[in-house]
$ cat data28.pdb   # PDB, C-alpha atoms and all ligand atoms
ATOM      1  CA  MET A   1      -5.012  -3.709  76.832  1.00  0.00           C
ATOM      2  CA  ASN A   2      -6.888  -3.918  73.549  1.00  0.00           C
ATOM      3  CA  ASP A   3      -5.205  -7.098  72.439  1.00  0.00           C
ATOM      4  CA  GLN A   4      -7.344 -10.173  73.107  1.00  0.00           C
ATOM      5  CA  ASN A   5      -4.268 -12.389  73.194  1.00  0.00           C
ATOM      6  CA  GLN A   6      -2.454 -10.344  75.754  1.00  0.00           C
ATOM      7  CA  ALA A   7      -2.130 -12.059  79.122  1.00  0.00           C
ATOM      8  CA  LEU A   8      -4.490 -10.974  81.861  1.00  0.00           C
ATOM      9  CA  PRO A   9      -3.055  -9.235  84.924  1.00  0.00           C
ATOM     10  CA  ARG A  10      -1.874 -11.404  87.811  1.00  0.00           C
ATOM     11  CA  GLY A  11      -4.584 -13.436  89.502  1.00  0.00           C
ATOM     12  CA  GLN A  12      -7.329 -12.621  86.967  1.00  0.00           C
ATOM     13  CA  THR A  13      -9.422 -15.091  84.913  1.00  0.00           C
ATOM     14  CA  ASP A  14     -11.424 -14.345  81.757  1.00  0.00           C
ATOM     15  CA  TYR A  15     -15.109 -14.544  82.723  1.00  0.00           C
ATOM     16  CA  GLY A  16     -16.278 -14.097  79.129  1.00  0.00           C
ATOM     17  CA  ALA A  17     -18.936 -11.512  80.004  1.00  0.00           C
ATOM     18  CA  MET A  18     -19.605  -8.644  82.356  1.00  0.00           C
ATOM     19  CA  PRO A  19     -22.112  -9.860  84.956  1.00  0.00           C
ATOM     20  CA  ARG A  20     -24.058  -7.462  87.141  1.00  0.00           C
ATOM     21  CA  PHE A  21     -21.881  -7.351  90.277  1.00  0.00           C
ATOM     22  CA  GLY A  22     -20.934  -5.503  93.450  1.00  0.00           C
ATOM     23  CA  LEU A  23     -21.118  -5.616  97.220  1.00  0.00           C
ATOM     24  CA  PRO A  24     -24.163  -7.714  98.222  1.00  0.00           C
ATOM     25  CA  ARG A  25     -25.885  -4.782  99.907  1.00  0.00           C
ATOM     26  CA  TYR A  26     -26.175  -3.006  96.512  1.00  0.00           C
ATOM     27  CA  ALA A  27     -27.738  -5.978  94.698  1.00  0.00           C
ATOM     28  CA  ARG A  28     -31.308  -4.756  95.189  1.00  0.00           C
ATOM     29  CA  ARG A  29     -30.693  -1.083  94.648  1.00  0.00           C
ATOM     30  CA  PHE A  30     -31.976   0.204  91.343  1.00  0.00           C
ATOM     31  CA  PRO A  31     -31.677   3.953  91.215  1.00  0.00           C
ATOM     32  CA  ALA A  32     -35.144   5.013  90.069  1.00  0.00           C
ATOM     33  CA  ALA A  33     -35.713   5.604  86.386  1.00  0.00           C
ATOM     34  CA  ASP A  34     -36.541   9.229  87.159  1.00  0.00           C
ATOM     35  CA  ARG A  35     -33.219  10.007  88.827  1.00  0.00           C
ATOM     36  CA  ASP A  36     -31.497  13.246  87.941  1.00  0.00           C
ATOM     37  CA  MET A  37     -29.855  12.832  84.559  1.00  0.00           C
ATOM     38  CA  HIS A  38     -26.848  14.907  85.407  1.00  0.00           C
ATOM     39  CA  VAL A  39     -23.578  14.692  87.273  1.00  0.00           C
ATOM     40  CA  THR A  40     -22.529  17.335  89.793  1.00  0.00           C
ATOM     41  CA  LEU A  41     -18.881  18.341  90.127  1.00  0.00           C
ATOM     42  CA  ILE A  42     -18.057  19.825  93.544  1.00  0.00           C
ATOM     43  CA  GLY A  43     -14.978  21.916  94.300  1.00  0.00           C
ATOM     44  CA  PRO A  44     -13.071  22.066  97.625  1.00  0.00           C
ATOM     45  CA  ALA A  45     -14.662  25.425  98.484  1.00  0.00           C
ATOM     46  CA  GLY A  46     -18.171  24.159  97.696  1.00  0.00           C
ATOM     47  CA  GLY A  47     -18.396  25.458  94.105  1.00  0.00           C
ATOM     48  CA  ARG A  48     -20.613  23.337  91.861  1.00  0.00           C
ATOM     49  CA  VAL A  49     -20.919  22.580  88.163  1.00  0.00           C
ATOM     50  CA  VAL A  50     -23.908  20.575  86.941  1.00  0.00           C
ATOM     51  CA  LEU A  51     -23.491  18.641  83.687  1.00  0.00           C
ATOM     52  CA  PRO A  52     -26.774  17.371  82.235  1.00  0.00           C
ATOM     53  CA  LEU A  53     -26.494  14.169  80.222  1.00  0.00           C
ATOM     54  CA  ALA A  54     -28.720  15.737  77.563  1.00  0.00           C
ATOM     55  CA  ASP A  55     -26.226  18.558  76.960  1.00  0.00           C
ATOM     56  CA  LEU A  56     -23.417  16.270  75.833  1.00  0.00           C
ATOM     57  CA  SER A  57     -22.756  16.376  72.123  1.00  0.00           C
ATOM     58  CA  PRO A  58     -21.337  13.328  70.319  1.00  0.00           C
ATOM     59  CA  ALA A  59     -18.303  15.400  69.378  1.00  0.00           C
ATOM     60  CA  GLN A  60     -17.334  15.661  73.056  1.00  0.00           C
ATOM     61  CA  LEU A  61     -17.233  11.895  73.547  1.00  0.00           C
ATOM     62  CA  GLU A  62     -14.208   9.621  73.293  1.00  0.00           C
ATOM     63  CA  GLU A  63     -14.310   5.938  72.421  1.00  0.00           C
ATOM     64  CA  GLN A  64     -12.254   3.277  74.154  1.00  0.00           C
ATOM     65  CA  ARG A  65     -11.866  -0.500  74.232  1.00  0.00           C
ATOM     66  CA  SER A  66     -10.554  -1.895  77.494  1.00  0.00           C
ATOM     67  CA  ASP A  67     -10.531  -4.897  79.788  1.00  0.00           C
ATOM     68  CA  PHE A  68     -12.417  -4.760  83.089  1.00  0.00           C
ATOM     69  CA  HIS A  69     -11.002  -6.405  86.200  1.00  0.00           C
ATOM     70  CA  CYS A  70     -13.105  -7.131  89.260  1.00  0.00           C
ATOM     71  CA  VAL A  71     -11.088  -7.445  92.471  1.00  0.00           C
ATOM     72  CA  THR A  72     -12.662 -10.875  93.098  1.00  0.00           C
ATOM     73  CA  THR A  73     -10.564 -12.078  90.081  1.00  0.00           C
ATOM     74  CA  TRP A  74     -13.077 -12.194  87.195  1.00  0.00           C
ATOM     75  CA  SER A  75     -12.257 -10.112  84.113  1.00  0.00           C
ATOM     76  CA  ALA A  76     -14.277  -9.104  81.062  1.00  0.00           C
ATOM     77  CA  ARG A  77     -12.221  -8.328  77.967  1.00  0.00           C
ATOM     78  CA  ASN A  78     -12.400  -5.767  75.228  1.00  0.00           C
ATOM     79  CA  ILE A  79     -15.403  -3.701  76.273  1.00  0.00           C
ATOM     80  CA  LEU A  80     -16.330  -0.723  74.136  1.00  0.00           C
ATOM     81  CA  TRP A  81     -17.089   2.449  76.093  1.00  0.00           C
ATOM     82  CA  ARG A  82     -17.889   6.002  75.024  1.00  0.00           C
ATOM     83  CA  GLY A  83     -17.817   8.998  77.281  1.00  0.00           C
ATOM     84  CA  LEU A  84     -16.155  12.162  78.436  1.00  0.00           C
ATOM     85  CA  GLY A  85     -12.437  12.022  79.112  1.00  0.00           C
ATOM     86  CA  PHE A  86     -11.963  12.627  82.839  1.00  0.00           C
ATOM     87  CA  ALA A  87      -8.777  14.696  82.424  1.00  0.00           C
ATOM     88  CA  GLU A  88     -10.529  16.856  79.848  1.00  0.00           C
ATOM     89  CA  LEU A  89     -13.444  17.389  82.224  1.00  0.00           C
ATOM     90  CA  PHE A  90     -11.032  18.263  85.028  1.00  0.00           C
ATOM     91  CA  HIS A  91      -9.149  20.834  82.973  1.00  0.00           C
ATOM     92  CA  ARG A  92     -12.318  22.379  81.567  1.00  0.00           C
ATOM     93  CA  HIS A  93     -13.775  23.076  85.020  1.00  0.00           C
ATOM     94  CA  LYS A  94     -10.585  23.630  86.976  1.00  0.00           C
ATOM     95  CA  ASP A  95     -10.868  27.393  87.302  1.00  0.00           C
ATOM     96  CA  THR A  96     -14.599  27.516  87.994  1.00  0.00           C
ATOM     97  CA  LEU A  97     -14.234  24.957  90.774  1.00  0.00           C
ATOM     98  CA  ASN A  98     -11.023  26.403  92.211  1.00  0.00           C
ATOM     99  CA  LEU A  99      -9.068  23.208  91.767  1.00  0.00           C
ATOM    100  CA  SER A 100      -5.625  24.274  92.988  1.00  0.00           C
ATOM    101  CA  GLN A 101      -2.521  22.121  93.514  1.00  0.00           C
ATOM    102  CA  ALA A 102      -3.834  21.310  96.995  1.00  0.00           C
ATOM    103  CA  VAL A 103      -6.623  19.192  95.511  1.00  0.00           C
ATOM    104  CA  GLN A 104      -5.239  15.670  95.661  1.00  0.00           C
ATOM    105  CA  PHE A 105      -8.272  13.502  96.374  1.00  0.00           C
ATOM    106  CA  VAL A 106     -11.621  12.793  94.788  1.00  0.00           C
ATOM    107  CA  VAL A 107     -14.721  11.193  96.288  1.00  0.00           C
ATOM    108  CA  ILE A 108     -17.295   9.797  93.868  1.00  0.00           C
ATOM    109  CA  ARG A 109     -20.844   9.102  95.086  1.00  0.00           C
ATOM    110  CA  ALA A 110     -23.450   7.075  93.246  1.00  0.00           C
ATOM    111  CA  HIS A 111     -27.250   7.040  93.078  1.00  0.00           C
ATOM    112  CA  ASP A 112     -27.418   3.606  94.765  1.00  0.00           C
ATOM    113  CA  GLY A 113     -25.561   4.895  97.839  1.00  0.00           C
ATOM    114  CA  TYR A 114     -22.166   3.472  96.809  1.00  0.00           C
ATOM    115  CA  ARG A 115     -19.119   5.682  97.111  1.00  0.00           C
ATOM    116  CA  THR A 116     -15.354   5.412  96.880  1.00  0.00           C
ATOM    117  CA  PHE A 117     -12.306   7.681  96.918  1.00  0.00           C
ATOM    118  CA  PHE A 118      -9.345   8.285  94.641  1.00  0.00           C
ATOM    119  CA  HIS A 119      -5.988   9.916  94.411  1.00  0.00           C
ATOM    120  CA  LEU A 120      -6.603  12.587  91.770  1.00  0.00           C
ATOM    121  CA  GLU A 121      -3.568  11.437  89.755  1.00  0.00           C
ATOM    122  CA  ASP A 122      -5.191   8.036  89.136  1.00  0.00           C
ATOM    123  CA  LEU A 123      -8.255   9.708  87.625  1.00  0.00           C
ATOM    124  CA  LEU A 124      -6.111  11.934  85.393  1.00  0.00           C
ATOM    125  CA  GLN A 125      -4.707   8.901  83.550  1.00  0.00           C
ATOM    126  CA  PRO A 126      -5.492   9.239  79.818  1.00  0.00           C
ATOM    127  CA  ASP A 127      -7.753   6.138  79.720  1.00  0.00           C
ATOM    128  CA  VAL A 128     -10.185   7.293  82.423  1.00  0.00           C
ATOM    129  CA  LEU A 129     -13.672   8.105  81.127  1.00  0.00           C
ATOM    130  CA  LEU A 130     -16.979   9.194  82.502  1.00  0.00           C
ATOM    131  CA  ALA A 131     -18.872   6.822  80.244  1.00  0.00           C
ATOM    132  CA  THR A 132     -22.390   7.264  78.916  1.00  0.00           C
ATOM    133  CA  GLU A 133     -22.427   4.317  76.480  1.00  0.00           C
ATOM    134  CA  ARG A 134     -21.332   0.678  76.464  1.00  0.00           C
ATOM    135  CA  GLU A 135     -21.097  -1.424  73.286  1.00  0.00           C
ATOM    136  CA  GLY A 136     -22.681   1.383  71.278  1.00  0.00           C
ATOM    137  CA  VAL A 137     -25.814   1.850  73.384  1.00  0.00           C
ATOM    138  CA  GLY A 138     -26.633   4.267  76.198  1.00  0.00           C
ATOM    139  CA  LEU A 139     -26.087   2.930  79.711  1.00  0.00           C
ATOM    140  CA  ASP A 140     -29.088   1.566  81.606  1.00  0.00           C
ATOM    141  CA  ASP A 141     -29.867   0.311  85.109  1.00  0.00           C
ATOM    142  CA  LEU A 142     -27.753  -2.767  84.454  1.00  0.00           C
ATOM    143  CA  HIS A 143     -24.395  -1.065  83.999  1.00  0.00           C
ATOM    144  CA  GLY A 144     -24.792   2.392  85.478  1.00  0.00           C
ATOM    145  CA  LEU A 145     -27.070   5.060  83.976  1.00  0.00           C
ATOM    146  CA  PRO A 146     -26.534   7.999  83.653  1.00  0.00           C
ATOM    147  CA  PHE A 147     -22.726   8.073  84.019  1.00  0.00           C
ATOM    148  CA  ARG A 148     -20.196   5.371  84.837  1.00  0.00           C
ATOM    149  CA  LEU A 149     -16.574   5.798  85.708  1.00  0.00           C
ATOM    150  CA  VAL A 150     -14.302   3.672  83.524  1.00  0.00           C
ATOM    151  CA  SER A 151     -10.779   3.413  84.932  1.00  0.00           C
ATOM    152  CA  PRO A 152      -9.229   0.310  83.348  1.00  0.00           C
ATOM    153  CA  GLY A 153      -6.040   0.527  85.427  1.00  0.00           C
ATOM    154  CA  GLN A 154      -8.019   0.201  88.653  1.00  0.00           C
ATOM    155  CA  TYR A 155     -10.097  -2.680  90.007  1.00  0.00           C
ATOM    156  CA  GLY A 156     -13.839  -2.808  89.334  1.00  0.00           C
ATOM    157  CA  TYR A 157     -14.786  -1.303  92.675  1.00  0.00           C
ATOM    158  CA  LYS A 158     -13.270   2.018  91.569  1.00  0.00           C
ATOM    159  CA  ASN A 159     -15.372   1.906  88.369  1.00  0.00           C
ATOM    160  CA  VAL A 160     -18.414   3.559  89.916  1.00  0.00           C
ATOM    161  CA  LYS A 161     -21.820   2.940  88.314  1.00  0.00           C
ATOM    162  CA  PHE A 162     -24.720   5.460  88.558  1.00  0.00           C
ATOM    163  CA  VAL A 163     -22.334   8.383  89.213  1.00  0.00           C
ATOM    164  CA  LYS A 164     -24.122  11.246  90.971  1.00  0.00           C
ATOM    165  CA  GLU A 165     -21.389  13.481  92.389  1.00  0.00           C
ATOM    166  CA  ILE A 166     -17.674  13.963  91.881  1.00  0.00           C
ATOM    167  CA  GLU A 167     -16.153  15.860  94.768  1.00  0.00           C
ATOM    168  CA  PHE A 168     -12.618  17.283  94.560  1.00  0.00           C
ATOM    169  CA  ARG A 169     -10.964  17.512  97.985  1.00  0.00           C
ATOM    170  CA  THR A 170      -7.775  18.696  99.642  1.00  0.00           C
ATOM    171  CA  SER A 171      -7.997  15.952 102.293  1.00  0.00           C
ATOM    172  CA  LEU A 172      -9.971  12.838 103.133  1.00  0.00           C
ATOM    173  CA  ASP A 173     -11.002  14.141 106.583  1.00  0.00           C
ATOM    174  CA  GLY A 174     -14.485  12.949 107.397  1.00  0.00           C
ATOM    175  CA  TYR A 175     -14.636  10.437 104.549  1.00  0.00           C
ATOM    176  CA  ARG A 176     -16.023   7.026 105.514  1.00  0.00           C
ATOM    177  CA  VAL A 177     -15.571   3.874 103.413  1.00  0.00           C
ATOM    178  CA  PRO A 178     -18.976   2.248 102.683  1.00  0.00           C
ATOM    179  CA  GLY A 179     -17.989  -1.335 103.638  1.00  0.00           C
ATOM    180  CA  TRP A 180     -15.008  -2.766 105.502  1.00  0.00           C
ATOM    181  CA  ALA A 181     -12.175  -0.228 105.243  1.00  0.00           C
ATOM    182  CA  PHE A 182      -9.606  -2.876 104.290  1.00  0.00           C
ATOM    183  CA  MET A 183     -11.576  -3.605 101.107  1.00  0.00           C
ATOM    184  CA  ASP A 184     -11.150  -0.089  99.672  1.00  0.00           C
ATOM    185  CA  HIS A 185      -7.505   0.392  98.695  1.00  0.00           C
ATOM    186  CA  PRO A 186      -6.721   4.080  98.044  1.00  0.00           C
ATOM    187  CA  ARG A 187      -5.233   3.283  94.612  1.00  0.00           C
ATOM    188  CA  ALA A 188      -6.512  -0.218  93.666  1.00  0.00           C
ATOM    189  CA  ARG A 189      -4.104  -0.418  90.712  1.00  0.00           C
ATOM    190  CA  VAL A 190      -4.515  -3.691  88.858  1.00  0.00           C
ATOM    191  CA  ALA A 191      -0.908  -3.732  87.636  1.00  0.00           C
ATOM    192  CA  LEU A 192       0.355  -3.688  91.228  1.00  0.00           C
ATOM    193  CA  GLU A 193      -2.321  -6.089  92.462  1.00  0.00           C
ATOM    194  CA  GLU A 194      -3.527  -3.553  95.044  1.00  0.00           C
ATOM    195  CA  ARG A 195      -6.678  -5.511  95.848  1.00  0.00           C
ATOM    196  CA  ALA A 196      -7.055  -4.467  99.468  1.00  0.00           C
ATOM    197  CA  ARG A 197      -5.322  -2.427 102.143  1.00  0.00           C
ATOM    198  CA  HIS A 198      -2.794  -4.020 104.484  1.00  0.00           C
ATOM    199  CA  LEU A 199      -3.038  -7.481 102.874  1.00  0.00           C
ATOM    200  CA  PRO A 200      -0.976  -8.816  99.970  1.00  0.00           C
ATOM    201  CA  GLY A 201      -3.042  -9.025  96.776  1.00  0.00           C
ATOM    202  CA  TRP A 202      -2.088 -12.621  96.005  1.00  0.00           C
ATOM    203  CA  LEU A 203      -3.366 -13.750  99.393  1.00  0.00           C
ATOM    204  CA  ILE A 204      -6.793 -12.193  99.083  1.00  0.00           C
ATOM    205  CA  ARG A 205      -7.370 -13.653  95.604  1.00  0.00           C
ATOM    206  CA  TYR A 206      -8.453 -16.932  97.135  1.00  0.00           C
ATOM    207  CA  PRO A 207     -11.188 -15.822  99.552  1.00  0.00           C
ATOM    208  CA  TYR A 208     -12.415 -13.273  96.988  1.00  0.00           C
ATOM    209  CA  ARG A 209     -12.575 -15.857  94.197  1.00  0.00           C
ATOM    210  CA  SER A 210     -14.897 -18.000  96.303  1.00  0.00           C
ATOM    211  CA  LEU A 211     -17.425 -15.144  96.399  1.00  0.00           C
ATOM    212  CA  ILE A 212     -17.933 -14.827  92.630  1.00  0.00           C
ATOM    213  CA  LYS A 213     -20.547 -17.494  91.996  1.00  0.00           C
ATOM    214  CA  GLY A 214     -22.879 -16.545  94.833  1.00  0.00           C
ATOM    215  CA  THR A 215     -22.566 -12.823  94.143  1.00  0.00           C
ATOM    216  CA  VAL A 216     -23.328 -13.201  90.434  1.00  0.00           C
ATOM    217  CA  ARG A 217     -26.385 -15.314  91.329  1.00  0.00           C
ATOM    218  CA  ARG A 218     -27.605 -12.831  93.927  1.00  0.00           C
ATOM    219  CA  PHE A 219     -27.234  -9.853  91.569  1.00  0.00           C
ATOM    220  CA  ALA A 220     -28.887 -11.722  88.672  1.00  0.00           C
ATOM    221  CA  GLN A 221     -31.847 -12.816  90.820  1.00  0.00           C
ATOM    222  CA  ALA A 222     -32.346  -9.270  92.099  1.00  0.00           C
ATOM    223  CA  TRP A 223     -32.255  -8.000  88.509  1.00  0.00           C
ATOM    224  CA  ASP A 224     -34.815 -10.572  87.328  1.00  0.00           C
ATOM    225  CA  ALA A 225     -37.132  -9.686  90.212  1.00  0.00           C
ATOM    226  CA  HIS A 226     -36.726  -5.989  89.387  1.00  0.00           C
ATOM    227  CA  LYS A 227     -37.484  -6.531  85.672  1.00  0.00           C
ATOM    228  CA  THR A 228     -40.621  -8.579  86.342  1.00  0.00           C
ATOM    229  CA  ALA A 229     -41.955  -6.407  89.187  1.00  0.00           C
ATOM    230  CA  PRO A 230     -45.266  -4.742  88.303  1.00  0.00           C
ATOM    231  CA  PRO A 231     -44.896  -0.965  87.898  1.00  0.00           C
ATOM    232  CA  ASP A 232     -46.102   1.013  90.950  1.00  0.00           C
TER
HETATM  233  N1  LIG A 301     -22.714   2.416  92.175  1.00  0.00           N
HETATM  234  C1  LIG A 301     -22.056   1.251  92.204  1.00  0.00           C
HETATM  235  N2  LIG A 301     -20.935   1.121  91.457  1.00  0.00           N
HETATM  236  C2  LIG A 301     -20.256  -0.033  91.474  1.00  0.00           C
HETATM  237  C3  LIG A 301     -20.650  -1.114  92.291  1.00  0.00           C
HETATM  238  C4  LIG A 301     -21.843  -0.954  93.048  1.00  0.00           C
HETATM  239  O1  LIG A 301     -22.309  -1.867  93.779  1.00  0.00           O
HETATM  240  N3  LIG A 301     -22.519   0.241  92.978  1.00  0.00           N
HETATM  241  N4  LIG A 301     -19.917  -2.283  92.309  1.00  0.00           N
HETATM  242  C5  LIG A 301     -18.538  -2.228  91.777  1.00  0.00           C
HETATM  243  C6  LIG A 301     -17.957  -3.547  91.497  1.00  0.00           C
HETATM  244  S1  LIG A 301     -17.307  -4.384  92.808  1.00  0.00           S
HETATM  245  C7  LIG A 301     -17.879  -4.052  90.221  1.00  0.00           C
HETATM  246  S2  LIG A 301     -17.065  -5.482  89.864  1.00  0.00           S
HETATM  247  C8  LIG A 301     -18.528  -3.352  89.096  1.00  0.00           C
HETATM  248  C9  LIG A 301     -19.551  -4.252  88.434  1.00  0.00           C
HETATM  249  O2  LIG A 301     -20.087  -3.608  87.313  1.00  0.00           O
HETATM  250  P1  LIG A 301     -21.237  -4.269  86.458  1.00  0.00           P
HETATM  251  O3  LIG A 301     -22.378  -4.594  87.401  1.00  0.00           O
HETATM  252  O4  LIG A 301     -21.610  -3.269  85.422  1.00  0.00           O
HETATM  253  O5  LIG A 301     -20.647  -5.531  85.856  1.00  0.00           O
HETATM  254  O6  LIG A 301     -19.162  -2.148  89.475  1.00  0.00           O
HETATM  255  C10 LIG A 301     -18.492  -1.421  90.489  1.00  0.00           C
HETATM  256  N5  LIG A 301     -19.168  -0.149  90.667  1.00  0.00           N
HETATM  257 MO    MO A 302     -15.892  -5.976  91.831  1.00  0.00          MO
END
$ encode --input "data28.pdb" --output "structure tokens"
Amino acid sequence: MNDQNQALPRGQTDYGAMPRFGLPRYARRFPAADRDMHVTLIGPAGGRVVLPLADLSPAQLEEQRSDFHCVTTWSARNILWRGLGFAELFHRHKDTLNLSQAVQFVVIRAHDGYRTFFHLEDLLQPDVLLATEREGVGLDDLHGLPFRLVSPGQYGYKNVKFVKEIEFRTSLDGYRVPGWAFMDHPRARVALEERARHLPGWLIRYPYRSLIKGTVRRFAQAWDAHKTAPPD
């Protein structure tokens, strides 16, 4: 994963950079600069742990270089992230949050309204981070302040920006996918080309690939407008 010469996963193309990207409806959402600078962990019985960004010490953070794979087939290689190891976070707060064997799912919600769900085992992989820095600088509105999930084995849409809440659950009852349900695969593992539910990954590459150009443009235009907007 760290080797630049290593082949990309099936269906992916090196984009050379990491453009601002996502579902079109999130293009114009910029979680306000004064958002809460903490992440809330929620247990299945409603227990909560609040982790303020300001309380993290450099000694707690891990560094990682990894490739990033958007489901629409663009990839960005060798990105440097720093953050809290997810497994470490899980084990540290397991007892306080009552995270028994029955907890098998996780829902992550973001400040821009985005959300997605996980099988807990995918988040306990050793390369999953709750990142606070990218390329040596703190995250910003572009790539997901205050916390961003980095899960290199899963497609970009599981790499949640602007993380607000991490909820540990025993079931997915009552959970609603934010967009079309077929687009949110429960696992979204890049190695298995799990791009979408019910459809073979290789098939959906083609329609998805055609969306890249327009989406990058839309997200870049929204960002430019946001940067040049006069302050309220
Ligand atoms: N909160 C939030 N997280 C998100 C998204 C989003 O729209 N909102 N889009 C996802 C998708 S589809 C991709 S490819 C990456 C894009 O990350 P970037 O804008 O930092 O390149 O963020 C993912 N995480
Ligand atoms: Mo994506």
$ resolve_selection --input "data28.pdb" --expression "the PyMOL selection byres (((chain A and resi 76) around 9) and not hetatm)" --output "list in words"
Thr13, Asp14, Tyr15, Gly16, Ala17, Met18, Pro19, Ser66, Asp67, Phe68, His69, Cys70, Trp74, Ser75, Arg77, Asn78 and Ile79 of chain A
$ residues_near_ligand --input "data28.pdb" --ligand "ligand MO 302 (chain A)" --cutoff "7 Å" --atoms "all atoms listed in the file" --output "NGL selection string"
:A and (21-22 or 70-72 or 155-157)
$ resolve_selection --input "data28.pdb" --expression "the PyMOL selection byres (((not hetatm)) within 10 of (chain A and resi 301))" --output "NGL selection string"
:A and (17-31 or 68-76 or 108-116 or 134 or 139-145 or 147-150 or 155-164 or 212 or 216 or 219-220)
$ residues_near_point --input "data28.pdb" --point "(-3.1, -15.1, 94.9)" --cutoff "10 Å" --atoms "all atoms listed in the file" --output "PyMOL selection string"
chain A and resi 10-12+73+193+200-209
$ residues_around --input "data28.pdb" --residues "A:Pro58" --least-positions-apart "5" --cutoff "10 Å" --atoms "all atoms listed in the file" --output "VMD selection string"
chain A and resid 82 to 84
$ closest_residue --input "data28.pdb" --among "A:Asn98, A:Leu80, A:Pro146, A:Arg187" --to "A:Leu123" --atoms "all atoms listed in the file"
A:Arg187
$ residues_around --input "data28.pdb" --residues "A:Glu167" --least-positions-apart "3" --cutoff "8 Å" --atoms "only C-alpha atoms" --output "PyMOL selection string"
chain A and resi 41-44+106-108
$ closest_residue --input "data28.pdb" --among "A:Thr132, A:Trp81, A:Ser151, A:Val39" --to "A:Ser57" --atoms "only C-alpha atoms"
A:Thr132
$ axis_aligned_box --input "data28.pdb" --around "stretch 41-46 of chain A" --padding-each-side "3 Å" --output "JSON"
{"center_x": -16.0, "center_y": 21.9, "center_z": 94.3, "size_x": 11.8, "size_y": 13.1, "size_z": 14.4}
$ closest_residue --input "data28.pdb" --among "A:Gly136, A:Pro52, A:Gly47, A:Gly174" --to "A:Leu97" --atoms "only C-alpha atoms"
A:Gly47
$ atom_distance --input "data28.pdb" --atom1 "atom CA of A:Glu135" --atom2 "atom CA of A:Pro152"
15.7 Å
$ atom_distance --input "data28.pdb" --atom1 "atom CA of A:Gln6" --atom2 "atom CA of A:Gln64"
16.9 Å
$ resolve_selection --input "data28.pdb" --expression "the PyMOL selection byres (((chain A and resi 101) around 12) and not hetatm)" --output "PyMOL selection string"
chain A and resi 44+94-95+98-100+102-105+120-121+168-170
$ atom_distance --input "data28.pdb" --atom1 "atom CA of A:Pro126" --atom2 "atom CA of A:Ala45"
26.4 Å
$ closest_residue --input "data28.pdb" --among "A:Met183, A:Leu61, A:Leu192, A:Ala7" --to "A:Glu133" --atoms "only C-alpha atoms"
A:Leu61
$ closest_residue --input "data28.pdb" --among "A:Ala32, A:Ile166, A:Ala59, A:Leu172" --to "A:Pro186" --atoms "only C-alpha atoms"
A:Leu172
